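Participant: As input, take query_10.txt (compact mmCIF, C-alpha atoms and all ligand atoms):
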# COMPACT_ATOMS: atom_id res chain seq x y z
CA MET A 1188 -8.28 -17.62 -27.15
CA LYS A 1189 -10.09 -15.03 -29.33
CA ASP A 1190 -9.30 -11.31 -29.24
CA LEU A 1191 -11.58 -9.32 -26.94
CA ASN A 1192 -13.03 -5.84 -26.97
CA VAL A 1193 -14.09 -3.88 -23.86
CA ASP A 1194 -14.31 -0.26 -22.69
CA VAL A 1195 -11.79 -0.72 -19.88
CA VAL A 1196 -9.18 -3.35 -19.12
CA VAL A 1197 -7.82 -3.35 -15.57
CA VAL A 1198 -4.45 -5.08 -15.17
CA GLY A 1199 -4.21 -6.54 -11.65
CA ALA A 1200 -6.88 -7.75 -9.22
CA GLY A 1201 -5.43 -6.27 -6.03
CA PRO A 1202 -7.59 -3.83 -4.03
CA ALA A 1203 -6.74 -0.87 -6.31
CA GLY A 1204 -7.70 -2.79 -9.46
CA THR A 1205 -10.95 -4.26 -8.19
CA ILE A 1206 -12.20 -1.00 -6.62
CA THR A 1207 -11.42 0.85 -9.87
CA ALA A 1208 -13.28 -1.86 -11.79
CA LYS A 1209 -16.26 -1.74 -9.42
CA TYR A 1210 -16.81 2.01 -9.78
CA ALA A 1211 -16.20 2.00 -13.53
CA ALA A 1212 -18.67 -0.90 -13.99
CA LYS A 1213 -21.23 0.80 -11.74
CA SER A 1214 -21.28 3.74 -14.08
CA GLY A 1215 -22.03 1.53 -17.04
CA ALA A 1216 -18.60 0.78 -18.55
CA ARG A 1217 -17.80 -2.69 -19.90
CA VAL A 1218 -14.87 -3.65 -17.66
CA LEU A 1219 -12.54 -6.65 -17.78
CA ILE A 1220 -10.03 -7.30 -14.97
CA ILE A 1221 -7.09 -9.55 -15.80
CA GLU A 1222 -5.01 -11.11 -13.02
CA LYS A 1223 -1.84 -13.08 -13.62
CA ARG A 1224 -2.12 -15.21 -10.48
CA GLN A 1225 -4.28 -18.30 -10.35
CA GLU A 1226 -5.94 -17.23 -7.11
CA ILE A 1227 -6.91 -13.68 -6.18
CA GLY A 1228 -5.16 -12.45 -3.03
CA SER A 1229 -2.84 -15.41 -2.74
CA PRO A 1230 -0.04 -15.71 -1.82
CA VAL A 1231 -0.44 -12.86 0.67
CA ARG A 1232 2.25 -10.17 0.56
CA CYS A 1233 1.05 -7.92 3.36
CA GLY A 1234 1.27 -7.16 7.09
CA GLU A 1235 -2.56 -7.09 6.97
CA GLY A 1236 -2.99 -3.96 9.06
CA ILE A 1237 -5.63 -1.44 8.00
CA ALA A 1238 -7.63 1.24 9.76
CA GLY A 1239 -11.30 0.83 10.41
CA GLY A 1240 -13.84 3.59 10.01
CA ARG A 1241 -14.66 6.22 7.50
CA TRP A 1242 -12.37 5.46 4.60
CA LEU A 1243 -13.93 1.99 4.28
CA ASP A 1244 -17.41 3.54 3.98
CA ASP A 1245 -16.09 6.16 1.59
CA VAL A 1246 -14.83 3.53 -0.86
CA GLY A 1247 -17.86 1.29 -0.33
CA ILE A 1248 -16.19 -1.59 1.54
CA ARG A 1249 -18.50 -3.24 4.05
CA GLU A 1250 -16.78 -4.49 7.18
CA SER A 1251 -17.08 -8.28 7.28
CA ASP A 1252 -16.29 -11.09 9.69
CA LYS A 1253 -15.07 -13.02 6.68
CA TRP A 1254 -11.87 -10.94 6.55
CA LEU A 1255 -11.72 -9.02 9.84
CA THR A 1256 -9.55 -11.20 12.10
CA HIS A 1257 -8.77 -8.90 14.98
CA ARG A 1258 -9.36 -5.34 16.19
CA VAL A 1259 -6.76 -3.22 17.95
CA LYS A 1260 -7.06 0.02 19.92
CA GLY A 1261 -4.30 1.79 17.99
CA ALA A 1262 -0.57 1.83 17.36
CA LYS A 1263 2.48 1.70 19.57
CA ILE A 1264 5.68 3.28 18.35
CA VAL A 1265 8.75 2.08 20.21
CA SER A 1266 12.02 4.05 19.97
CA PRO A 1267 15.56 2.60 20.20
CA ASP A 1268 15.71 3.18 24.00
CA GLY A 1269 12.30 1.55 24.49
CA SER A 1270 10.30 4.78 24.93
CA THR A 1271 6.79 4.05 23.74
CA LEU A 1272 4.26 6.34 22.13
CA ILE A 1273 0.71 5.05 22.09
CA ILE A 1274 -1.52 6.46 19.39
CA ASP A 1275 -5.24 5.96 19.47
CA GLU A 1276 -6.81 4.33 16.38
CA LYS A 1277 -8.77 7.50 15.59
CA ILE A 1278 -5.59 9.47 14.93
CA ALA A 1279 -3.14 6.72 14.01
CA GLY A 1280 -3.69 6.93 10.25
CA LYS A 1281 -4.97 4.44 7.76
CA GLU A 1282 -2.85 1.41 8.65
CA VAL A 1283 -4.00 0.40 12.12
CA GLY A 1284 -7.30 -0.50 13.73
CA MET A 1285 -7.94 -3.85 12.10
CA VAL A 1286 -5.83 -6.85 11.25
CA ILE A 1287 -7.33 -8.72 8.33
CA GLU A 1288 -7.11 -11.90 6.26
CA ARG A 1289 -5.79 -10.20 3.15
CA ASP A 1290 -6.47 -13.06 0.74
CA ILE A 1291 -10.15 -13.13 1.74
CA PHE A 1292 -10.33 -9.31 1.70
CA ASP A 1293 -9.02 -9.22 -1.88
CA LYS A 1294 -11.46 -11.93 -3.00
CA GLU A 1295 -14.38 -10.03 -1.43
CA LEU A 1296 -13.38 -6.85 -3.29
CA ALA A 1297 -13.21 -8.86 -6.52
CA ARG A 1298 -16.66 -10.21 -5.74
CA ASP A 1299 -17.99 -6.64 -5.31
CA ALA A 1300 -16.49 -5.66 -8.68
CA ILE A 1301 -18.08 -8.68 -10.38
CA MET A 1302 -21.45 -8.00 -8.74
CA ALA A 1303 -21.21 -4.42 -10.06
CA GLY A 1304 -20.89 -5.85 -13.56
CA ALA A 1305 -17.14 -6.26 -14.15
CA ASP A 1306 -15.77 -9.37 -15.84
CA ILE A 1307 -12.59 -11.09 -14.64
CA MET A 1308 -10.02 -13.52 -16.02
CA ILE A 1309 -7.49 -15.12 -13.71
CA LYS A 1310 -4.18 -16.68 -14.74
CA THR A 1311 -4.09 -14.03 -17.44
CA SER A 1312 -1.10 -11.69 -17.72
CA ALA A 1313 -0.68 -8.44 -19.58
CA ILE A 1314 2.49 -8.90 -21.61
CA GLY A 1315 2.49 -5.58 -23.46
CA LEU A 1316 0.37 -2.63 -24.54
CA LEU A 1317 -1.39 -2.04 -27.84
CA ASN A 1318 -0.65 1.40 -29.31
CA LYS A 1319 -2.05 3.45 -32.18
CA ASP A 1320 -1.13 7.07 -33.02
CA LYS A 1321 0.58 7.54 -29.63
CA ARG A 1322 -2.52 6.34 -27.80
CA ILE A 1323 -2.82 3.19 -25.73
CA ILE A 1324 -5.66 1.12 -27.20
CA GLY A 1325 -5.49 -2.07 -25.13
CA VAL A 1326 -3.20 -4.83 -23.89
CA ARG A 1327 -1.55 -7.89 -25.31
CA ALA A 1328 -2.41 -10.72 -22.92
CA LYS A 1329 -1.47 -14.31 -22.26
CA HIS A 1330 -3.69 -16.99 -20.73
CA MET A 1331 -2.00 -20.35 -20.28
CA ASP A 1332 -0.30 -20.90 -23.67
CA SER A 1333 -2.59 -18.64 -25.61
CA LYS A 1334 -1.75 -15.03 -26.56
CA PHE A 1335 -4.44 -12.56 -27.61
CA ASN A 1336 -5.32 -8.87 -27.80
CA ILE A 1337 -7.75 -7.04 -25.53
CA SER A 1338 -8.80 -3.80 -27.22
CA ALA A 1339 -9.93 -1.14 -24.75
CA ASN A 1340 -10.47 2.60 -24.68
CA ILE A 1341 -8.79 2.80 -21.27
CA VAL A 1342 -6.10 0.61 -19.73
CA VAL A 1343 -5.72 0.71 -15.95
CA GLY A 1344 -2.30 -0.23 -14.57
CA ALA A 1345 -3.17 -1.67 -11.14
CA ASP A 1346 -0.31 -4.14 -11.32
CA GLY A 1347 1.28 -3.35 -7.98
CA PHE A 1348 4.81 -2.59 -6.84
CA GLU A 1349 6.50 -4.34 -9.80
CA SER A 1350 4.23 -2.51 -12.28
CA GLN A 1351 5.22 -2.93 -15.90
CA VAL A 1352 2.19 -1.18 -17.36
CA GLY A 1353 3.50 2.26 -16.29
CA ARG A 1354 6.89 1.55 -17.83
CA TRP A 1355 5.36 0.24 -21.06
CA ALA A 1356 3.33 3.48 -21.29
CA GLN A 1357 6.48 5.53 -20.64
CA ILE A 1358 5.16 6.90 -17.38
CA ASP A 1359 8.12 7.30 -15.08
CA THR A 1360 7.55 5.10 -12.02
CA THR A 1361 11.21 4.32 -11.34
CA LEU A 1362 12.29 4.33 -7.72
CA ALA A 1363 15.61 5.20 -6.10
CA PRO A 1364 16.93 2.41 -3.82
CA LYS A 1365 16.28 4.64 -0.78
CA ASP A 1366 12.61 4.85 -1.83
CA ILE A 1367 12.12 1.08 -1.73
CA SER A 1368 11.44 -0.80 1.48
CA THR A 1369 12.33 -4.49 1.27
CA CYS A 1370 10.19 -6.55 3.60
CA PHE A 1371 10.21 -9.95 5.22
CA GLN A 1372 7.53 -11.29 7.55
CA TYR A 1373 6.56 -14.38 9.50
CA ARG A 1374 3.00 -15.24 10.49
CA MET A 1375 3.65 -16.67 13.95
CA ILE A 1376 1.56 -18.83 16.27
CA ASP A 1377 1.96 -19.53 20.00
CA ILE A 1378 3.51 -16.15 20.75
CA GLU A 1379 2.54 -13.32 23.08
CA PRO A 1380 2.01 -10.10 21.14
CA ASP A 1381 0.26 -7.14 22.74
CA PRO A 1382 -3.23 -7.94 21.43
CA ASP A 1383 -4.38 -4.33 21.81
CA TYR A 1384 -1.90 -2.58 19.54
CA CYS A 1385 -0.14 -2.80 16.20
CA GLU A 1386 3.49 -2.18 17.12
CA PHE A 1387 6.12 -0.36 15.09
CA ILE A 1388 9.54 -0.85 16.65
CA ILE A 1389 12.53 1.27 15.63
CA GLU A 1390 15.60 -0.47 16.96
CA ASP A 1391 18.27 1.50 15.14
CA VAL A 1392 17.11 4.31 12.92
CA LEU A 1393 20.36 4.45 10.95
CA LYS A 1394 19.74 0.93 9.68
CA GLY A 1395 16.76 2.42 7.82
CA GLY A 1396 14.32 -0.22 8.96
CA TYR A 1397 11.70 -1.07 11.50
CA ILE A 1398 10.00 -4.13 12.90
CA TRP A 1399 6.23 -4.50 12.96
CA VAL A 1400 4.11 -6.79 15.08
CA PHE A 1401 0.46 -6.85 13.97
CA PRO A 1402 -1.55 -9.12 16.28
CA LYS A 1403 -4.07 -11.51 14.77
CA GLY A 1404 -5.26 -12.57 18.23
CA LYS A 1405 -3.73 -13.08 21.65
CA ASP A 1406 -1.30 -15.79 20.53
CA GLU A 1407 -0.78 -14.97 16.84
CA ALA A 1408 0.75 -12.09 14.87
CA ASN A 1409 2.42 -11.00 11.69
CA VAL A 1410 5.96 -10.19 12.77
CA GLY A 1411 7.87 -8.44 10.02
CA CYS A 1412 10.71 -6.15 9.11
CA GLY A 1413 11.09 -3.50 6.43
CA MET A 1414 14.44 -2.03 5.46
CA GLN A 1415 15.44 0.66 2.97
CA LEU A 1416 17.07 -1.02 -0.02
CA ASN A 1417 20.06 1.37 -0.02
CA LYS A 1418 20.94 0.28 3.53
CA ILE A 1419 21.05 -3.41 2.68
CA LYS A 1420 24.61 -4.63 2.40
CA GLU A 1421 24.08 -8.33 1.75
CA LYS A 1422 21.50 -10.83 0.50
CA GLY A 1423 19.18 -12.06 3.25
CA ALA A 1424 19.91 -9.07 5.51
CA VAL A 1425 16.26 -8.24 6.18
CA ARG A 1426 15.41 -11.77 7.22
CA ALA A 1427 18.57 -11.99 9.34
CA TYR A 1428 17.60 -8.73 11.09
CA LEU A 1429 14.12 -10.07 11.78
CA ASP A 1430 15.43 -13.44 13.00
CA ASP A 1431 17.78 -11.66 15.37
CA PHE A 1432 14.92 -9.51 16.73
CA ILE A 1433 12.77 -12.60 17.32
CA LYS A 1434 15.64 -14.45 19.03
CA ARG A 1435 16.13 -11.57 21.48
CA HIS A 1436 12.44 -11.43 22.43
CA PRO A 1437 11.17 -14.44 24.40
CA GLN A 1438 7.53 -13.51 23.75
CA TYR A 1439 8.18 -14.39 20.08
CA SER A 1440 11.16 -16.76 20.06
CA SER A 1441 9.21 -19.79 21.29
CA GLY A 1442 6.59 -19.37 18.55
CA LYS A 1443 6.12 -21.30 15.34
CA THR A 1444 5.91 -19.90 11.82
CA ILE A 1445 3.05 -20.94 9.55
CA GLU A 1446 3.72 -18.53 6.68
CA MET A 1447 6.62 -16.51 5.28
CA VAL A 1448 6.18 -13.39 3.23
CA ALA A 1449 8.78 -11.50 1.22
CA GLY A 1450 8.07 -8.40 -0.83
CA ALA A 1451 8.73 -4.74 -1.33
CA VAL A 1452 6.86 -1.45 -1.17
CA SER A 1453 7.61 1.99 -2.50
CA VAL A 1454 8.22 4.65 0.13
CA SER A 1455 8.73 7.48 -2.34
CA ALA A 1456 7.36 10.97 -2.81
CA PRO A 1457 4.38 11.06 -5.19
CA ILE A 1458 5.38 10.55 -8.83
CA GLU A 1459 4.87 13.32 -11.39
CA ARG A 1460 2.29 11.75 -13.66
CA THR A 1461 -0.20 8.90 -13.36
CA VAL A 1462 -2.23 9.33 -16.55
CA GLY A 1463 -1.57 9.25 -20.29
CA GLU A 1464 -3.55 8.93 -23.53
CA GLY A 1465 -5.98 6.09 -22.77
CA ILE A 1466 -4.20 4.97 -19.62
CA LEU A 1467 -4.02 5.56 -15.88
CA LEU A 1468 -2.12 4.02 -12.98
CA VAL A 1469 -3.55 3.34 -9.53
CA GLY A 1470 -2.42 1.90 -6.15
CA ASP A 1471 1.14 0.67 -5.74
CA ALA A 1472 1.65 0.99 -9.50
CA ALA A 1473 1.08 4.75 -9.03
CA ARG A 1474 3.30 4.83 -5.91
CA GLN A 1475 0.42 5.91 -3.66
CA VAL A 1476 1.80 4.08 -0.60
CA ASN A 1477 2.25 5.95 2.70
CA PRO A 1478 6.05 6.44 2.74
CA MET A 1479 6.18 6.50 6.54
CA THR A 1480 4.55 3.12 7.18
CA GLY A 1481 4.67 1.33 3.83
CA GLY A 1482 0.89 0.89 4.08
CA GLY A 1483 -0.84 1.16 0.72
CA ILE A 1484 -4.23 -0.55 0.89
CA ALA A 1485 -6.31 2.44 2.02
CA ASN A 1486 -4.62 5.00 -0.24
CA GLY A 1487 -4.86 2.62 -3.19
CA CYS A 1488 -8.59 2.11 -2.61
CA ILE A 1489 -9.25 5.84 -2.14
CA ALA A 1490 -7.48 6.67 -5.41
CA ALA A 1491 -9.17 3.72 -7.13
CA LYS A 1492 -12.67 4.96 -6.37
CA ILE A 1493 -11.78 8.30 -7.99
CA ALA A 1494 -10.24 6.44 -10.95
CA GLY A 1495 -13.34 4.29 -11.43
CA GLU A 1496 -15.68 7.27 -11.32
CA VAL A 1497 -13.59 9.32 -13.77
CA ILE A 1498 -13.39 6.31 -16.10
CA GLY A 1499 -17.20 6.03 -15.93
CA GLU A 1500 -17.49 9.69 -17.00
CA ALA A 1501 -14.89 9.22 -19.76
CA VAL A 1502 -16.81 6.26 -21.20
CA ALA A 1503 -20.09 8.18 -21.01
CA VAL A 1504 -18.72 11.12 -23.04
CA GLY A 1505 -16.34 9.06 -25.19
CA ASP A 1506 -13.24 11.06 -24.22
CA PHE A 1507 -10.23 8.94 -23.26
CA SER A 1508 -7.59 11.63 -23.61
CA ALA A 1509 -4.90 12.33 -21.03
CA GLU A 1510 -6.54 15.72 -20.61
CA PHE A 1511 -9.85 14.15 -19.56
CA LEU A 1512 -8.20 11.51 -17.36
CA ALA A 1513 -6.30 14.31 -15.60
CA LYS A 1514 -9.51 14.67 -13.56
CA TYR A 1515 -8.40 11.48 -11.80
CA GLU A 1516 -4.89 12.84 -11.34
CA LYS A 1517 -6.28 16.06 -9.78
CA GLY A 1518 -8.76 14.13 -7.66
CA TRP A 1519 -6.33 11.73 -6.03
CA ARG A 1520 -3.69 14.41 -5.51
CA LYS A 1521 -6.26 16.62 -3.74
CA LYS A 1522 -7.02 13.80 -1.30
CA LEU A 1523 -3.61 12.22 -0.79
CA GLU A 1524 -0.71 14.24 -2.15
CA ASP A 1525 -0.05 16.57 0.80
CA SER A 1526 0.08 13.74 3.31
CA LEU A 1527 2.22 11.61 0.98
CA TYR A 1528 4.74 14.45 0.64
CA LEU A 1529 4.74 15.23 4.34
CA ASN A 1530 5.20 11.60 5.31
CA TRP A 1531 7.95 11.21 2.75
CA ALA A 1532 9.77 14.32 3.98
CA ALA A 1533 9.37 13.22 7.60
CA ARG A 1534 10.73 9.78 6.77
CA GLU A 1535 13.71 11.24 4.93
CA LYS A 1536 14.43 13.40 7.96
CA LEU A 1537 13.97 10.68 10.55
CA THR A 1538 16.38 8.35 8.80
CA THR A 1539 19.10 11.00 9.06
CA LEU A 1540 18.52 11.82 12.73
CA GLY A 1541 20.40 9.66 15.21
CA ASN A 1542 18.82 7.27 17.66
CA GLU A 1543 19.18 9.80 20.46
CA ALA A 1544 17.05 12.37 18.64
CA ILE A 1545 14.39 9.74 17.89
CA ASN A 1546 14.38 8.73 21.56
CA LYS A 1547 13.85 12.35 22.60
CA ILE A 1548 11.03 12.87 20.08
CA ILE A 1549 9.13 9.68 21.00
CA LYS A 1550 9.62 10.29 24.73
CA SER A 1551 8.40 13.90 24.52
CA LEU A 1552 5.36 12.92 22.49
CA SER A 1553 4.53 10.07 24.84
CA GLU A 1554 4.55 12.37 27.86
CA VAL A 1555 1.96 14.80 26.55
CA LYS A 1556 -1.57 14.14 25.54
CA ILE A 1557 -1.99 15.14 21.93
CA ASP A 1558 -5.51 14.62 20.72
CA GLN A 1559 -4.61 15.17 17.07
CA LEU A 1560 -1.27 13.98 15.79
CA SER A 1561 -0.81 16.88 13.39
CA THR A 1562 2.65 17.94 12.28
CA LEU A 1563 2.11 21.36 13.88
CA LYS A 1564 1.29 19.87 17.26
CA ILE A 1565 4.28 17.56 17.08
CA ILE A 1566 6.52 20.52 16.25
CA LYS A 1567 5.02 22.48 19.18
CA VAL A 1568 5.76 19.64 21.60
CA ILE A 1569 9.31 19.28 20.30
CA SER A 1570 9.95 23.04 20.39
CA ASP A 1571 8.73 23.23 24.01
CA ARG A 1572 10.77 20.27 25.19
CA HIS A 1573 13.76 20.02 22.86
CA PRO A 1574 14.30 23.34 21.08
CA GLU A 1575 17.75 22.10 20.02
CA LEU A 1576 16.03 19.63 17.63
CA LEU A 1577 13.98 22.31 15.92
CA GLU A 1578 16.73 23.39 13.56
CA GLU A 1579 17.12 19.81 12.39
CA LEU A 1580 13.40 19.63 11.67
CA SER A 1581 13.10 23.10 10.14
CA ASP A 1582 12.66 21.84 6.57
CA LEU A 1583 9.54 19.93 7.63
CA ILE A 1584 7.82 23.01 9.02
C1 LIG B 1 5.50 -7.40 3.29
C2 LIG B 1 4.48 -6.34 3.04
C3 LIG B 1 3.66 -5.92 4.08
C4 LIG B 1 2.68 -4.94 3.84
N1 LIG B 1 1.86 -4.60 4.88
C5 LIG B 1 0.86 -3.71 4.67
C6 LIG B 1 -0.07 -3.41 5.70
O1 LIG B 1 -0.02 -3.97 6.80
N2 LIG B 1 -1.05 -2.50 5.44
C7 LIG B 1 -1.16 -1.88 4.23
O2 LIG B 1 -2.05 -1.05 4.06
N3 LIG B 1 -0.31 -2.16 3.23
C8 LIG B 1 0.70 -3.07 3.40
N4 LIG B 1 1.55 -3.39 2.38
C9 LIG B 1 1.34 -2.75 1.07
C10 LIG B 1 0.13 -3.34 0.38
O3 LIG B 1 0.24 -4.73 0.30
C11 LIG B 1 -0.03 -2.72 -1.00
O4 LIG B 1 -0.03 -1.32 -0.86
C12 LIG B 1 -1.34 -3.15 -1.67
O5 LIG B 1 -1.33 -4.52 -1.95
C13 LIG B 1 -1.53 -2.36 -2.97
O6 LIG B 1 -2.64 -2.82 -3.68
P1 LIG B 1 -2.61 -2.78 -5.27
O7 LIG B 1 -3.94 -3.25 -5.70
O8 LIG B 1 -2.10 -1.48 -5.75
O9 LIG B 1 -1.48 -3.85 -5.69
P2 LIG B 1 -1.39 -5.39 -5.38
O10 LIG B 1 -2.17 -5.77 -4.21
O11 LIG B 1 0.07 -5.71 -5.39
O12 LIG B 1 -2.07 -6.06 -6.65
C14 LIG B 1 -1.45 -6.06 -7.92
C15 LIG B 1 -1.98 -7.25 -8.68
O13 LIG B 1 -1.56 -7.16 -10.03
C16 LIG B 1 -1.23 -8.46 -10.49
N5 LIG B 1 -0.34 -8.31 -11.65
C17 LIG B 1 0.93 -7.83 -11.66
N6 LIG B 1 1.41 -7.80 -12.91
C18 LIG B 1 0.41 -8.26 -13.71
C19 LIG B 1 0.32 -8.49 -15.12
N7 LIG B 1 1.33 -8.20 -15.95
N8 LIG B 1 -0.83 -9.00 -15.62
C20 LIG B 1 -1.87 -9.29 -14.79
N9 LIG B 1 -1.83 -9.12 -13.44
C21 LIG B 1 -0.70 -8.60 -12.91
C22 LIG B 1 -0.55 -9.10 -9.27
O14 LIG B 1 -0.55 -10.51 -9.37
C23 LIG B 1 -1.43 -8.57 -8.14
O15 LIG B 1 -2.50 -9.44 -7.85
C24 LIG B 1 2.55 -4.34 2.57
C25 LIG B 1 3.37 -4.77 1.52
C26 LIG B 1 4.33 -5.75 1.74
C27 LIG B 1 5.20 -6.20 0.58
Can the structure from this file be put into structure tokens for me?

Facilitator:
Amino acid sequence: MKDLNVDVVVVGAGPAGTITAKYAAKSGARVLIIEKRQEIGSPVRCGEGIAGGRWLDDVGIRESDKWLTHRVKGAKIVSPDGSTLIIDEKIAGKEVGMVIERDIFDKELARDAIMAGADIMIKTSAIGLLNKDKRIIGVRAKHMDSKFNISANIVVGADGFESQVGRWAQIDTTLAPKDISTCFQYRMIDIEPDPDYCEFIIEDVLKGGYIWVFPKGKDEANVGCGMQLNKIKEKGAVRAYLDDFIKRHPQYSSGKTIEMVAGAVSVSAPIERTVGEGILLVGDAARQVNPMTGGGIANGCIAAKIAGEVIGEAVAVGDFSAEFLAKYEKGWRKKLEDSLYLNWAAREKLTTLGNEAINKIIKSLSEVKIDQLSTLKIIKVISDRHPELLEELSDLI
């Protein structure tokens, strides 16, 4: 394989990588995406829940029957005593509304990037970065048995949760064990999920995990479990927790599994820096996942559009400095940082409250009609009904 030369090399063909590539290519940059897997989007490592609506339009994703499997009305949050809060799709955030076929979704986004002018190489891994005078000037890559250099003015690290690109560029993306959610999921058939809602079930908050049931129809769902890494005492604990949940629930226990998924997501506060000289990180690699739900598709795509546009401008003016790329850093933080922090702080707090407090909070919220699920309104409801909990929540206010 010969060495290559492009304006931008994007490492990783997940949603964050392909949306970045699409917008950079649209603005005239010569973009190459490299993806280490042999098939884009596969194997799936996702619960496949996303919201419908505006954010899709904003990042230029057209809703399609090819990947939209099932629509839900919103989310159900179930507390340890079974109290249930139903949240309408419009206010439930960016992770409910649609359940998708993630492998097809990812391929469609790759298609959009290619149609916008980006090039792509599959089964091609970044194995290191090329540096000159403290600048990143491309990647060392491997395709099959062949190693070669890809020179580029900008490298995009869109290489997901296990990102190496950030580390190679000395951008600190390290995560504390408490900021990692380890996940296990079954895609199950011949079960009886509630087809109208994506469910988040908190059985025991002190175990640091929750179960999700995302319906793909009336007899099919992704049934999964996420658990904070610092709470895991032995190998296989997440799967054992999920198996036990399924066994105790007859609507799932008679079902059959057609797919198993294991993976991890970051549930951290935003990291300090996502750009450097000739480099930027986006999506899971930049830790842009919602720390409350572990959902990262929408945030990754929103940040990616900003990244692609800023890259387009950088290529147009020939400035690839960290200072110029900071426009991306400012842009994504403006859109996402406050909610990432708030969700992270809320998650930290919730995992320290006992089950009883969680029961009270979910019950109180479920008994009043809140049209907007803002933090202030939640605090108001809690202060009216359970003033004794306010002190515990004071650092969130
Ligand atoms: C079990 C589980 C369930 C989830 N459920 C949901 C959900 O329901 N809703 C939601 O919104 N989010 C969910 N998430 C999170 C979501 O999957 C991620 O936030 C999303 O995939 C991030 O997109 P990305 O493009 O940043 O990274 P990814 O989709 O991870 O893409 C990164 C790509 O980079 C490639 N790559 C990595 N290293 C290299 C390399 N060196 N060279 C070349 N290519 C490389 C990988 O092969 C991969 O294709 C879940 C995650 C897990 C693990």

Participant: Between A:Leu1523, A:Val1265, A:Val1218, A:Ala1544, single out the one closest to Ser1338 in chain A, counting all atoms listed in the file.

Facilitator: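 Among A:Leu1523, A:Val1265, A:Val1218, A:Ala1544, it is A:Val1218 that comes nearest to Ser1338 in chain A.
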
Participant: Using all atoms listed in the file, find each residue in chain A having at least one atom no more than 7 Å away from ligand LIG 1 (chain B); report its shortest atom-to-atom pair and that distance in Å (one decimal), rows by chain then rising number, as CSV.

Facilitator:
residue,atom,partner,partner_atom,distance
A:Val1198,CA,B:LIG1,C20,5.0
A:Gly1199,CA,B:LIG1,O13,3.2
A:Ala1200,CA,B:LIG1,O15,4.9
A:Gly1201,CA,B:LIG1,O7,3.4
A:Pro1202,CA,B:LIG1,O7,4.1
A:Ala1203,CA,B:LIG1,O7,3.7
A:Gly1204,CA,B:LIG1,O7,5.3
A:Ile1221,CA,B:LIG1,C20,5.3
A:Glu1222,CA,B:LIG1,N9,3.8
A:Lys1223,CA,B:LIG1,N9,4.0
A:Arg1224,CA,B:LIG1,O14,5.1
A:Ile1227,CA,B:LIG1,O15,6.3
A:Gly1228,CA,B:LIG1,O15,6.3
A:Arg1232,CA,B:LIG1,C27,4.9
A:Cys1233,CA,B:LIG1,C3,3.4
A:Gly1234,CA,B:LIG1,N1,3.4
A:Glu1235,CA,B:LIG1,O1,4.0
A:Gly1236,CA,B:LIG1,O1,3.7
A:Ile1237,CA,B:LIG1,O2,5.3
A:Glu1282,CA,B:LIG1,O2,5.3
A:Thr1311,CA,B:LIG1,C20,5.9
A:Ser1312,CA,B:LIG1,N8,3.4
A:Ala1313,CA,B:LIG1,N8,4.0
A:Ile1314,CA,B:LIG1,N7,5.8
A:Ala1345,CA,B:LIG1,O8,5.5
A:Asp1346,CA,B:LIG1,O13,3.5
A:Gly1347,CA,B:LIG1,O9,3.6
A:Phe1348,CA,B:LIG1,O11,5.9
A:Glu1349,CA,B:LIG1,C17,6.8
A:Ser1350,CA,B:LIG1,N6,6.0
A:Gln1351,CA,B:LIG1,N7,6.6
A:Cys1370,CA,B:LIG1,C1,4.8
A:Phe1371,CA,B:LIG1,C1,5.7
A:Gln1372,CA,B:LIG1,C1,6.1
A:Val1448,CA,B:LIG1,C1,6.0
A:Ala1449,CA,B:LIG1,C1,5.6
A:Gly1450,CA,B:LIG1,C27,3.9
A:Ala1451,CA,B:LIG1,C27,4.3
A:Val1452,CA,B:LIG1,C27,5.3
A:Val1469,CA,B:LIG1,O8,6.3
A:Gly1470,CA,B:LIG1,O8,3.4
A:Asp1471,CA,B:LIG1,O8,3.9
A:Ala1472,CA,B:LIG1,O8,5.9
A:Val1476,CA,B:LIG1,O4,5.7
A:Gly1481,CA,B:LIG1,N4,5.8
A:Gly1482,CA,B:LIG1,N3,3.4
A:Gly1483,CA,B:LIG1,O4,3.1
A:Ile1484,CA,B:LIG1,O2,3.9
A:Ala1485,CA,B:LIG1,O2,5.9
A:Gly1487,CA,B:LIG1,O8,5.6

Participant: Which polymer residues have any atom within 9 Å of an atom of Asn1542 in chain A, counting all atoms listed in the file, with same-chain residues fewer than 3 positions away left out, as a ChimeraX atom specification?

Facilitator: /A:1266-1268,1389-1393,1545-1547

Participant: I need the residue nearest Lys1213 in chain A from this list: A:Ala1300, A:Ile1367, A:Met1414, A:Ala1262. Use all atoms listed in the file for the distance.

Facilitator: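 Nearest candidate to Lys1213 in chain A out of A:Ala1300, A:Ile1367, A:Met1414, A:Ala1262: A:Ala1300.
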
Participant: Near Arg1322 in chain A, within 10 Å and counting all atoms listed in the file, which residues show up once chain neighbours fewer than 5 positions away are dropped, as a ChimeraX atom specification?

Facilitator: /A:1316-1317,1340-1341,1356,1463-1466,1507-1509

Participant: Identify, on the basis of only C-alpha atoms, every residue whose closest approach to Ile1493 in chain A does not exceed 8 Å; exclude the query and any residue fewer than 6 positions from it along the same chain; express the result as a PyMOL selection string.

Facilitator: chain A and resi 1207+1515+1518-1519

Participant: List the neighbours of Arg1534 in chain A out to 9 Å using only C-alpha atoms; skip same-chain residues closer than 6 positions along the sequence, and give me the result as a list in words.

Facilitator: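 Those residues are Val1454, Pro1478 and Met1479 of chain A.
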
Participant: Can you work out the spacing between CA of Gly1247 in chain A and CA of Lys1492 in chain A in Å, to one decimal?

Facilitator: 8.8 Å
